$ cat protein_23.txt   # compact mmCIF, C-alpha atoms
# COMPACT_ATOMS: atom_id res chain seq x y z
CA MET C 108 88.02 -35.65 -62.18
CA PHE C 109 84.26 -35.47 -61.84
CA ASP C 110 84.53 -31.92 -60.50
CA ASP C 111 86.62 -30.96 -63.51
CA ASP C 112 83.99 -32.38 -65.84
CA VAL C 113 81.26 -30.39 -64.13
CA THR C 114 83.33 -27.22 -64.37
CA THR C 115 83.96 -27.83 -68.06
CA VAL C 116 80.29 -28.44 -68.77
CA ALA C 117 79.25 -25.35 -66.81
CA PHE C 118 81.84 -23.28 -68.66
CA THR C 119 80.61 -24.58 -72.00
CA GLU C 120 77.01 -23.75 -71.12
CA ARG C 121 78.02 -20.27 -70.02
CA ASP C 122 79.92 -19.89 -73.29
CA ALA C 123 76.90 -21.01 -75.29
CA ARG C 124 74.64 -18.55 -73.48
CA GLN C 125 77.12 -15.75 -74.06
CA ILE C 126 77.33 -16.60 -77.75
CA ALA C 127 73.53 -16.69 -78.04
CA ARG C 128 73.18 -13.33 -76.28
CA ASN C 129 75.73 -11.66 -78.54
CA LEU C 130 74.32 -13.20 -81.69
CA ARG C 131 70.86 -11.90 -80.78
CA ARG C 132 72.36 -8.42 -80.41
CA LYS C 133 74.21 -8.85 -83.73
CA ASN C 134 77.42 -7.90 -81.96
CA VAL C 135 79.90 -7.78 -84.86
CA ALA C 136 82.96 -7.41 -82.61
CA PHE C 137 81.98 -10.57 -80.75
CA LEU C 138 81.29 -12.33 -84.03
CA GLN C 139 84.82 -11.49 -85.14
CA THR C 140 86.19 -13.34 -82.13
CA LEU C 141 84.08 -16.34 -83.15
CA VAL C 142 85.47 -16.09 -86.68
CA GLU C 143 89.02 -16.15 -85.28
CA GLN C 144 88.17 -19.10 -83.07
CA TYR C 145 86.28 -21.27 -85.58
CA GLN C 146 87.66 -20.25 -88.98
CA TYR C 147 90.10 -23.12 -89.42
CA ARG C 148 87.63 -25.71 -88.12
CA LEU C 149 85.00 -24.47 -90.53
CA ILE C 150 87.42 -24.67 -93.46
CA ARG C 151 88.50 -28.18 -92.44
CA TYR C 152 84.88 -29.34 -92.08
CA LEU C 153 83.91 -28.00 -95.51
CA ILE C 154 86.94 -29.58 -97.17
CA TYR C 155 86.07 -32.94 -95.62
CA LEU C 156 82.49 -32.48 -96.70
CA LEU C 157 83.14 -31.42 -100.29
CA GLY C 158 86.46 -33.16 -100.93
CA ARG C 159 87.81 -30.03 -102.58
CA ARG C 160 89.44 -26.74 -101.62
CA GLU C 161 87.94 -24.66 -104.41
CA GLY C 162 84.95 -22.56 -103.31
CA VAL C 163 85.41 -23.32 -99.62
CA ASP C 164 86.51 -19.77 -98.71
CA ASP C 165 83.35 -18.34 -100.28
CA LEU C 166 81.24 -20.79 -98.31
CA VAL C 167 83.05 -19.85 -95.12
CA GLN C 168 82.26 -16.18 -95.73
CA GLU C 169 78.63 -16.99 -96.53
CA THR C 170 78.40 -19.05 -93.36
CA TRP C 171 79.49 -16.16 -91.15
CA LEU C 172 77.11 -13.78 -92.89
CA ARG C 173 74.32 -16.28 -92.28
CA VAL C 174 75.37 -16.50 -88.63
CA LEU C 175 75.06 -12.72 -88.38
CA GLU C 176 71.63 -12.71 -90.04
CA ARG C 177 70.13 -15.74 -88.33
CA GLY C 178 71.99 -15.53 -85.04
CA SER C 179 68.76 -15.07 -83.11
CA SER C 180 67.77 -18.65 -83.93
CA TYR C 181 70.66 -20.01 -81.82
CA ASP C 182 69.17 -20.40 -78.35
CA GLY C 183 72.34 -21.24 -76.41
CA HIS C 184 70.83 -24.43 -74.95
CA SER C 185 73.22 -26.61 -76.92
CA ARG C 186 76.78 -26.22 -78.12
CA PHE C 187 77.55 -23.65 -80.78
CA GLU C 188 79.58 -25.94 -83.04
CA PRO C 189 76.74 -28.22 -84.29
CA TRP C 190 74.63 -25.16 -85.09
CA LEU C 191 77.52 -23.55 -86.98
CA PHE C 192 78.35 -26.71 -88.93
CA ARG C 193 74.70 -27.21 -89.82
CA ILE C 194 74.57 -23.75 -91.36
CA ALA C 195 77.77 -24.42 -93.30
CA ARG C 196 76.42 -27.79 -94.44
CA ASN C 197 73.14 -26.32 -95.69
CA LEU C 198 75.00 -23.60 -97.58
CA ALA C 199 77.32 -26.19 -99.12
CA LEU C 200 74.31 -28.22 -100.19
CA ASP C 201 72.65 -25.12 -101.68
CA ASP C 202 75.88 -24.39 -103.51
CA LEU C 203 75.95 -27.89 -104.96
CA ARG C 204 72.34 -27.53 -106.08
CA LYS C 205 73.13 -24.21 -107.73
CA ARG C 206 75.94 -25.86 -109.62
CA ARG C 207 73.32 -28.27 -110.96
CA PHE C 208 75.29 -31.33 -110.09
CA VAL C 209 72.55 -32.74 -107.94
CA SER C 210 70.05 -34.72 -109.96
CA LEU C 211 66.40 -33.85 -109.44
CA ASP C 212 65.59 -37.23 -108.05
CA SER C 213 68.49 -37.26 -105.59
CA THR C 214 67.72 -38.53 -102.14
CA PRO C 215 69.21 -37.17 -98.90
CA GLY C 216 71.43 -40.22 -98.73
CA ASN C 217 73.29 -39.49 -101.93
CA GLU C 218 73.11 -35.71 -102.00
CA TRP C 219 76.87 -35.46 -101.53
CA ASP C 220 77.62 -37.73 -104.48
CA ALA C 221 77.59 -34.52 -106.44
CA ALA C 222 80.75 -33.45 -104.66
CA ALA C 223 82.56 -36.39 -106.14
CA LEU C 224 81.25 -35.54 -109.62
CA SER C 225 82.34 -31.95 -109.43
CA PRO C 226 85.02 -30.93 -111.97
CA ALA C 227 86.91 -29.45 -109.02
CA SER C 228 87.48 -33.01 -107.81
CA ARG C 229 89.95 -33.40 -110.69
CA ALA C 230 92.11 -30.76 -109.04
CA PRO C 231 94.90 -31.98 -106.73
CA SER C 232 93.40 -33.70 -103.72
CA PRO C 233 93.24 -31.30 -100.77
CA PHE C 234 94.03 -34.27 -98.53
CA LEU C 235 97.21 -35.04 -100.43
CA LEU C 236 98.27 -31.40 -100.15
CA ALA C 237 97.40 -31.30 -96.46
CA ALA C 238 99.01 -34.57 -95.39
CA ARG C 239 101.78 -33.76 -92.92
CA SER C 240 102.49 -37.19 -91.46
CA GLU C 241 103.43 -40.50 -93.07
CA ASP C 242 100.13 -42.12 -92.08
CA ALA C 243 98.17 -39.13 -93.37
CA GLN C 244 99.98 -39.47 -96.71
CA ARG C 245 99.05 -43.14 -96.85
CA LEU C 246 95.41 -42.27 -96.21
CA ALA C 247 95.15 -39.20 -98.46
CA SER C 248 94.00 -40.98 -101.61
CA SER C 249 91.44 -43.04 -99.72
CA MET C 250 90.14 -39.92 -98.03
CA GLN C 251 89.47 -38.42 -101.44
CA THR C 252 87.48 -41.42 -102.65
CA LEU C 253 85.65 -42.01 -99.40
CA ASP C 254 81.89 -41.38 -99.43
CA PRO C 255 81.47 -37.67 -98.51
CA ALA C 256 78.87 -38.54 -95.87
CA HIS C 257 81.31 -40.99 -94.27
CA ARG C 258 84.15 -38.47 -94.42
CA GLU C 259 81.90 -35.87 -92.86
CA ALA C 260 80.95 -38.15 -89.98
CA LEU C 261 84.62 -38.94 -89.43
CA VAL C 262 85.74 -35.32 -89.15
CA LEU C 263 82.83 -34.34 -86.93
CA ARG C 264 83.46 -37.21 -84.54
CA PHE C 265 87.24 -37.37 -84.33
CA GLN C 266 88.39 -33.87 -85.25
CA GLU C 267 85.54 -31.74 -84.01
CA GLU C 268 84.78 -34.15 -81.17
CA LEU C 269 81.04 -33.84 -81.55
CA SER C 270 78.93 -36.52 -79.92
CA LEU C 271 76.93 -38.91 -82.09
CA GLN C 272 73.75 -37.07 -81.09
CA GLU C 273 75.24 -33.73 -82.12
CA ILE C 274 76.41 -35.17 -85.43
CA SER C 275 72.96 -36.59 -86.08
CA ILE C 276 71.56 -33.07 -85.67
CA VAL C 277 74.16 -31.58 -88.04
CA VAL C 278 73.64 -34.17 -90.77
CA ASP C 279 69.93 -34.68 -90.11
CA ALA C 280 70.23 -38.46 -89.86
CA PRO C 281 69.58 -40.99 -87.08
CA VAL C 282 72.38 -41.71 -84.60
CA SER C 283 72.58 -45.31 -85.83
CA THR C 284 73.20 -44.08 -89.39
CA VAL C 285 75.93 -41.74 -88.18
CA ALA C 286 77.61 -44.56 -86.22
CA SER C 287 77.40 -46.87 -89.21
CA ARG C 288 79.01 -44.23 -91.46
CA ILE C 289 81.90 -43.89 -89.02
CA TYR C 290 82.38 -47.68 -88.79
CA ARG C 291 82.49 -47.96 -92.57
CA ALA C 292 84.89 -45.04 -92.94
CA LEU C 293 87.20 -46.54 -90.33
CA ALA C 294 87.04 -49.92 -92.07
CA THR C 295 87.99 -48.39 -95.43
CA LEU C 296 90.86 -46.37 -94.01
CA ARG C 297 92.09 -49.24 -91.84
CA THR C 298 92.41 -51.41 -94.94
CA GLN C 299 94.36 -48.67 -96.66
CA LEU C 300 96.70 -48.26 -93.72
CA GLU C 301 97.27 -52.00 -93.40
CA GLU C 302 98.29 -52.40 -97.05
CA PRO C 303 101.98 -53.29 -96.83
CA ASN C 304 103.19 -52.10 -100.24
CA HIS C 305 101.10 -49.01 -100.60
CA ASP C 306 102.73 -46.54 -102.97
CA LEU C 307 102.97 -43.16 -101.26
CA MET B 26 81.97 -69.58 -84.81
CA ILE B 27 85.50 -68.37 -83.92
CA SER B 28 85.22 -65.71 -86.61
CA ASP B 29 81.87 -64.63 -85.17
CA ARG B 30 83.54 -64.23 -81.79
CA HIS B 31 86.23 -61.99 -83.26
CA GLU B 32 83.58 -59.99 -85.11
CA LEU B 33 81.77 -59.47 -81.85
CA PHE B 34 84.89 -58.15 -80.14
CA ARG B 35 85.76 -56.00 -83.13
CA SER B 36 82.34 -54.42 -83.10
CA MET B 37 82.87 -53.77 -79.38
CA ILE B 38 86.17 -52.09 -80.27
CA ASP B 39 84.44 -49.97 -82.94
CA GLU B 40 81.71 -48.94 -80.53
CA ALA B 41 84.23 -47.97 -77.86
CA LEU B 42 86.30 -45.92 -80.32
CA VAL B 43 83.29 -44.14 -81.77
CA ALA B 44 81.89 -43.46 -78.32
CA GLY B 45 85.29 -42.10 -77.31
CA THR B 46 85.63 -44.47 -74.38
CA SER B 47 88.54 -46.69 -73.45
CA VAL B 48 88.38 -50.43 -74.07
CA SER B 49 90.07 -51.19 -70.75
CA PRO B 50 86.96 -50.88 -68.51
CA GLN B 51 85.36 -53.74 -70.46
CA PRO B 52 86.80 -56.86 -68.76
CA LEU B 53 85.62 -59.32 -71.40
CA LEU B 54 87.10 -57.32 -74.27
CA ASN B 55 90.24 -56.58 -72.31
CA GLU B 56 90.77 -60.24 -71.58
CA HIS B 57 90.22 -61.15 -75.22
CA LEU B 58 92.67 -58.51 -76.42
CA GLN B 59 95.40 -59.88 -74.18
CA SER B 60 95.14 -63.27 -75.83
CA CYS B 61 94.20 -62.35 -79.43
CA ALA B 62 96.86 -60.74 -81.57
CA PRO B 63 94.61 -60.10 -84.66
CA CYS B 64 92.05 -58.21 -82.56
CA ARG B 65 94.86 -56.27 -80.90
CA GLU B 66 96.15 -55.36 -84.35
CA TYR B 67 92.62 -54.36 -85.31
CA LEU B 68 92.46 -52.01 -82.33
CA ASP B 69 95.92 -50.60 -83.07
CA ALA B 70 95.07 -50.01 -86.74
CA SER B 71 91.79 -48.28 -85.85
CA THR B 72 93.51 -46.08 -83.28
CA ARG B 73 96.19 -45.29 -85.86
CA VAL B 74 93.56 -44.24 -88.41
CA ILE B 75 91.92 -41.93 -85.91
CA SER B 76 95.18 -40.33 -84.84
CA SER B 77 96.34 -39.99 -88.45
CA LEU B 78 93.38 -37.67 -89.10
CA GLY B 79 95.32 -35.13 -87.06
CA GLY B 80 98.08 -35.39 -89.66
CA PHE B 81 96.09 -33.32 -92.17
CA SER B 82 96.76 -29.62 -91.94
CA PHE B 83 94.94 -27.45 -94.45
CA GLU B 84 96.35 -24.17 -95.63
CA VAL B 85 94.31 -21.07 -94.91
CA ASP B 86 94.35 -17.96 -97.06
CA PRO B 87 95.78 -15.30 -94.71
CA SER B 88 93.53 -12.64 -96.22
CA LEU B 89 90.34 -14.65 -95.67
CA GLN B 90 89.78 -13.47 -92.11
CA ALA B 91 90.04 -9.80 -93.13
CA LYS B 92 87.61 -10.44 -96.00
CA VAL B 93 85.12 -12.04 -93.62
CA PHE B 94 85.46 -9.15 -91.15
CA ASP B 95 84.83 -6.63 -93.94
CA ALA B 96 81.82 -8.56 -95.22
CA LEU B 97 80.37 -8.77 -91.70
CA ALA B 98 80.90 -5.06 -91.06
CA LEU B 99 79.29 -4.19 -94.39
CA ARG B 100 76.30 -6.47 -93.79
CA ALA B 101 75.82 -5.13 -90.27
CA GLN B 102 75.55 -1.58 -91.67
CA GLN B 103 72.80 -2.55 -94.10
CA PRO B 104 69.26 -1.90 -92.89
CA GLU B 105 67.57 -4.99 -91.61
CA PRO B 106 64.59 -6.38 -93.48
CA ALA B 107 61.24 -5.65 -91.89
CA GLN B 108 60.68 -7.74 -88.79
CA PHE B 109 57.35 -8.88 -87.43
CA SER B 110 57.40 -7.26 -84.00
CA PRO B 111 54.55 -8.47 -81.75
CA ASN B 112 53.16 -4.93 -81.32
CA ARG B 113 53.05 -4.32 -85.05
CA LEU B 114 51.43 -7.69 -85.59
CA VAL B 115 48.69 -6.97 -83.04
CA MET B 116 48.06 -3.49 -84.49
CA ILE B 117 47.68 -4.84 -88.01
CA CYS B 118 45.34 -7.62 -86.82
CA ILE B 119 43.19 -5.11 -84.90
CA LEU B 120 43.07 -2.87 -87.98
CA ALA B 121 42.08 -5.82 -90.20
CA ALA B 122 39.37 -6.89 -87.73
CA ALA B 123 38.05 -3.31 -87.51
CA LEU B 124 37.95 -3.04 -91.31
CA THR B 125 36.07 -6.35 -91.57
CA VAL B 126 33.51 -5.32 -88.94
CA ALA B 127 33.15 -1.82 -90.44
CA GLY B 128 32.62 -3.28 -93.92
CA SER B 129 29.96 -5.69 -92.67
CA PHE B 130 28.27 -2.97 -90.61
CA PHE B 131 28.28 -0.57 -93.55
CA ASP B 132 26.77 -3.27 -95.75
CA LEU B 133 24.00 -4.07 -93.29
CA LYS B 134 23.07 -0.53 -92.26
CA PHE B 135 23.76 1.60 -95.30
CA GLY B 136 24.01 -0.89 -98.16
CA SER B 137 20.47 -0.49 -99.48
CA LEU B 138 20.58 3.30 -99.03
CA LEU B 139 23.82 3.64 -100.96
CA ALA B 140 22.54 1.28 -103.67
CA SER B 141 19.51 3.50 -104.24
CA VAL B 142 21.66 6.66 -104.28
CA LEU B 143 24.03 5.11 -106.83
CA ASP B 144 21.13 3.59 -108.76
CA LEU B 145 22.44 0.06 -108.35
CA HIS B 146 20.90 -3.23 -107.33
CA TYR B 147 21.61 -4.01 -103.70
CA ALA B 148 23.12 -7.38 -104.75
CA GLN B 149 25.60 -5.58 -107.03
CA LEU B 150 26.67 -3.22 -104.27
CA ARG B 151 27.02 -6.07 -101.80
CA GLN B 152 29.17 -7.98 -104.29
CA GLY B 153 31.41 -4.92 -104.67
CA LEU B 154 31.71 -4.47 -100.90
CA LEU B 155 32.53 -8.12 -100.42
CA THR B 156 35.10 -8.21 -103.20
CA PHE B 157 36.95 -4.99 -102.49
CA TRP B 158 36.48 -4.50 -98.77
CA ILE B 159 35.24 -7.31 -96.57
CA ILE B 160 37.01 -10.32 -98.09
CA PRO B 161 40.43 -8.57 -98.44
CA SER B 162 40.34 -7.34 -94.84
CA LEU B 163 39.17 -10.80 -93.67
CA CYS B 164 42.05 -12.42 -95.57
CA LEU B 165 44.49 -9.95 -94.00
CA LEU B 166 43.06 -10.79 -90.57
CA LEU B 167 43.36 -14.54 -91.10
CA LEU B 168 46.62 -14.80 -93.04
CA PHE B 169 48.81 -12.06 -91.59
CA PRO B 170 49.41 -13.82 -88.25
CA LEU B 171 50.80 -16.80 -90.20
CA LEU B 172 53.63 -14.76 -91.77
CA PRO B 173 55.85 -14.63 -88.64
CA LEU B 174 55.29 -18.37 -88.14
CA LEU B 175 56.46 -19.06 -91.68
CA SER B 176 59.41 -16.74 -91.19
CA ARG B 177 60.39 -18.51 -87.94
CA ARG B 178 60.08 -21.92 -89.58
CA LYS B 179 62.43 -20.80 -92.35
CA GLU B 180 64.91 -19.57 -89.73
CA ARG B 181 64.78 -22.90 -87.91
CA ILE B 182 65.53 -24.73 -91.15
CA LEU B 183 68.31 -22.24 -91.99
$ encode --input "protein_23.txt" --output "structure tokens"
Amino acid sequence: MFDDDVTTVAFTERDARQIARNLRRKNVAFLQTLVEQYQYRLIRYLIYLLGRREGVDDLVQETWLRVLERGSSYDGHSRFEPWLFRIARNLALDDLRKRRFVSLDSTPGNEWDAAALSPASRAPSPFLLAARSEDAQRLASSMQTLDPAHREALVLRFQEELSLQEISIVVDAPVSTVASRIYRALATLRTQLEEPNHDL
Amino acid sequence: MISDRHELFRSMIDEALVAGTSVSPQPLLNEHLQSCAPCREYLDASTRVISSLGGFSFEVDPSLQAKVFDALALRAQQPEPAQFSPNRLVMICILAAALTVAGSFFDLKFGSLLASVLDLHYAQLRQGLLTFWIIPSLCLLLLFPLLPLLSRRKERIL
């Protein structure tokens, strides 16, 4: 088992180096393979982050263009995913600012509150539309009302399988804050799941 | 006190789940779980929440990938903005240094001569040389090397 772990790590590092090399060369064909590989994950991350489907495709496109332009800043010493999600996150934040939903005195802690205030949040919940299992349907409404920062930490940890350290780099917050966000998100969703007469 | 004990075990469960490790290697927690139904339910509910996240499947616009490919191809064809190559940076710094030295040398050696030819006070000529030659080239020499640093910092921030 240990040997397998070492092989996996070595493969990941080789992958990261290969990605960094090709991004430095602005290899569009290689970038297209990355798009194929990460497209869905990027969409899912942005939906969790923003709590809406509207505008996500534009952000995805912007993210890949930014990857092409700034690819040389990825050094290949760490995994590609945190770097990619950080770009997407910054673009999403810029987008929110452009929409003027972020108040001037907003602090980093509540910067995503704007997502909840967005008119798009009155559209059908993307979580409700995406729920494919009974448990997911039970959680969909809570997912929509969950703090965006908590939802983000949840998807990065349990869907993207990023480590706490990697998440802290993506969200630019201490590891303890990230862990606390995940605990709180789990607590909220656990309560929702345990409710016996929850109306689906 | 009993509640505190459960809280302690539940925080251990949370930590294990968030760290992605199994609760079984922790003998104390394992022992507690075997005898405590509420904490076992807590673990089951947390595990259920985590696995239910996989029950969300978002629809993807089938044309999005093609749009992204087109946008990437188009952007790749566009000329890149001017980059600060090290050679260019050194050349510009040498040029700025040479201009500064030449301006100062000209002022010292030929300043008074030129002032008399142009029928000006030496102080006026020196002011002109400083304003339009020496200070601009000195600023170029001092500030130009900072531009790539600023550009790199912006890239790091993304």
$ residues_around --input "protein_23.txt" --residues "Ala127 of chain C" --least-positions-apart "3" --cutoff "7 Å" --atoms "only C-alpha atoms" --output "list of chain:residue names"
C:Ala123, C:Arg124, C:Leu130, C:Arg131, C:Tyr181, C:Asp182, C:Gly183
$ write_last_selection --input "protein_23.txt" --atoms "C-alpha atoms" --output "CSV table (one decimal), in the coordinates of the input"
chain,number,residue,atom,x,y,z
C,123,ALA,CA,76.9,-21.0,-75.3
C,124,ARG,CA,74.6,-18.6,-73.5
C,130,LEU,CA,74.3,-13.2,-81.7
C,131,ARG,CA,70.9,-11.9,-80.8
C,181,TYR,CA,70.7,-20.0,-81.8
C,182,ASP,CA,69.2,-20.4,-78.4
C,183,GLY,CA,72.3,-21.2,-76.4
$ interface_residues --input "protein_23.txt" --of "chain B" --to "chain C" --cutoff "7 Å" --atoms "only C-alpha atoms" --output "PyMOL selection string"
chain B and resi 39+70-71+74-75+77-78+80-83+93-94+97-98+180-181+183
$ atom_distance --input "protein_23.txt" --atom1 "atom CA of Glu84 of chain B" --atom2 "atom CA of Ile274 of chain C"
25.0 Å
$ atom_distance --input "protein_23.txt" --atom1 "atom CA of Leu133 of chain B" --atom2 "atom CA of Leu114 of chain B"
28.7 Å
$ atom_distance --input "protein_23.txt" --atom1 "atom CA of Asp69 of chain B" --atom2 "atom CA of Pro281 of chain C"
28.3 Å
$ axis_aligned_box --input "protein_23.txt" --around "segment 57-63 of chain B" --padding-each-side "6 Å" --output "lines of an AutoDock Vina configuration file"
center_x = 93.5
center_y = -60.9
center_z = -79.4
size_x = 18.6
size_y = 16.8
size_z = 22.5
$ residues_around --input "protein_23.txt" --residues "segment 143-152 of chain B" --least-positions-apart "4" --cutoff "12 Å" --atoms "all atoms listed in the file" --output "PDB file with C-alpha atoms, keeping the file's coordinate frame"
ATOM      1  CA  GLY B 128      32.620  -3.280 -93.920  1.00  0.00           C
ATOM      2  CA  SER B 129      29.960  -5.690 -92.670  1.00  0.00           C
ATOM      3  CA  PHE B 130      28.270  -2.970 -90.610  1.00  0.00           C
ATOM      4  CA  PHE B 131      28.280  -0.570 -93.550  1.00  0.00           C
ATOM      5  CA  ASP B 132      26.770  -3.270 -95.750  1.00  0.00           C
ATOM      6  CA  LEU B 133      24.000  -4.070 -93.290  1.00  0.00           C
ATOM      7  CA  LYS B 134      23.070  -0.530 -92.260  1.00  0.00           C
ATOM      8  CA  PHE B 135      23.760   1.600 -95.300  1.00  0.00           C
ATOM      9  CA  GLY B 136      24.010  -0.890 -98.160  1.00  0.00           C
ATOM     10  CA  SER B 137      20.470  -0.490 -99.480  1.00  0.00           C
ATOM     11  CA  LEU B 138      20.580   3.300 -99.030  1.00  0.00           C
ATOM     12  CA  LEU B 139      23.820   3.640-100.960  1.00  0.00           C
ATOM     13  CA  THR B 156      35.100  -8.210-103.200  1.00  0.00           C
ATOM     14  CA  PHE B 157      36.950  -4.990-102.490  1.00  0.00           C
ATOM     15  CA  TRP B 158      36.480  -4.500 -98.770  1.00  0.00           C
ATOM     16  CA  ILE B 159      35.240  -7.310 -96.570  1.00  0.00           C
ATOM     17  CA  ILE B 160      37.010 -10.320 -98.090  1.00  0.00           C
TER      18      ILE B 160
END
$ residues_around --input "protein_23.txt" --residues "Pro170 of chain B" --least-positions-apart "4" --cutoff "9 Å" --atoms "all atoms listed in the file" --output "list in words"
Leu114, Val115, Cys118, Leu165, Leu166 and Leu174 of chain B
$ residues_around --input "protein_23.txt" --residues "Asp279 of chain C" --least-positions-apart "3" --cutoff "12 Å" --atoms "all atoms listed in the file" --output "list in words"
Pro189, Trp190, Phe192, Arg193, Ile194, Arg196, Asn197, Pro215, Gly216, Ala256, Ala260, Leu271, Gln272, Glu273, Ile274, Ser275, Ile276, Val282, Ser283, Thr284 and Val285 of chain C; Ile182 of chain B
$ decode --input "protein_23.txt" --residues "segment 110-133 of chain B" --atoms "C-alpha atoms" --output "mmCIF file, in the first residue's frame"
data_model
loop_
_atom_site.group_PDB
_atom_site.id
_atom_site.type_symbol
_atom_site.label_atom_id
_atom_site.label_comp_id
_atom_site.auth_asym_id
_atom_site.auth_seq_id
_atom_site.Cartn_x
_atom_site.Cartn_y
_atom_site.Cartn_z
ATOM 1 C CA SER B 110 12.892 40.098 -21.102
ATOM 2 C CA PRO B 111 16.081 40.278 -18.993
ATOM 3 C CA ASN B 112 18.204 41.352 -21.989
ATOM 4 C CA ARG B 113 15.866 44.184 -22.877
ATOM 5 C CA LEU B 114 15.763 45.271 -19.257
ATOM 6 C CA VAL B 115 19.568 45.393 -19.008
ATOM 7 C CA MET B 116 19.859 47.294 -22.308
ATOM 8 C CA ILE B 117 17.361 49.924 -21.214
ATOM 9 C CA CYS B 118 19.076 50.323 -17.831
ATOM 10 C CA ILE B 119 22.490 50.723 -19.508
ATOM 11 C CA LEU B 120 21.014 53.293 -21.894
ATOM 12 C CA ALA B 121 19.419 55.202 -18.993
ATOM 13 C CA ALA B 122 22.706 55.147 -17.032
ATOM 14 C CA ALA B 123 24.642 56.331 -20.106
ATOM 15 C CA LEU B 124 22.158 59.161 -20.668
ATOM 16 C CA THR B 125 22.434 60.235 -17.020
ATOM 17 C CA VAL B 126 26.246 60.218 -17.102
ATOM 18 C CA ALA B 127 26.332 61.962 -20.504
ATOM 19 C CA GLY B 128 23.931 64.656 -19.257
ATOM 20 C CA SER B 129 25.999 65.280 -16.136
ATOM 21 C CA PHE B 130 29.249 65.283 -18.124
ATOM 22 C CA PHE B 131 27.811 67.687 -20.687
ATOM 23 C CA ASP B 132 26.656 69.975 -17.888
ATOM 24 C CA LEU B 133 30.042 69.995 -16.180
#
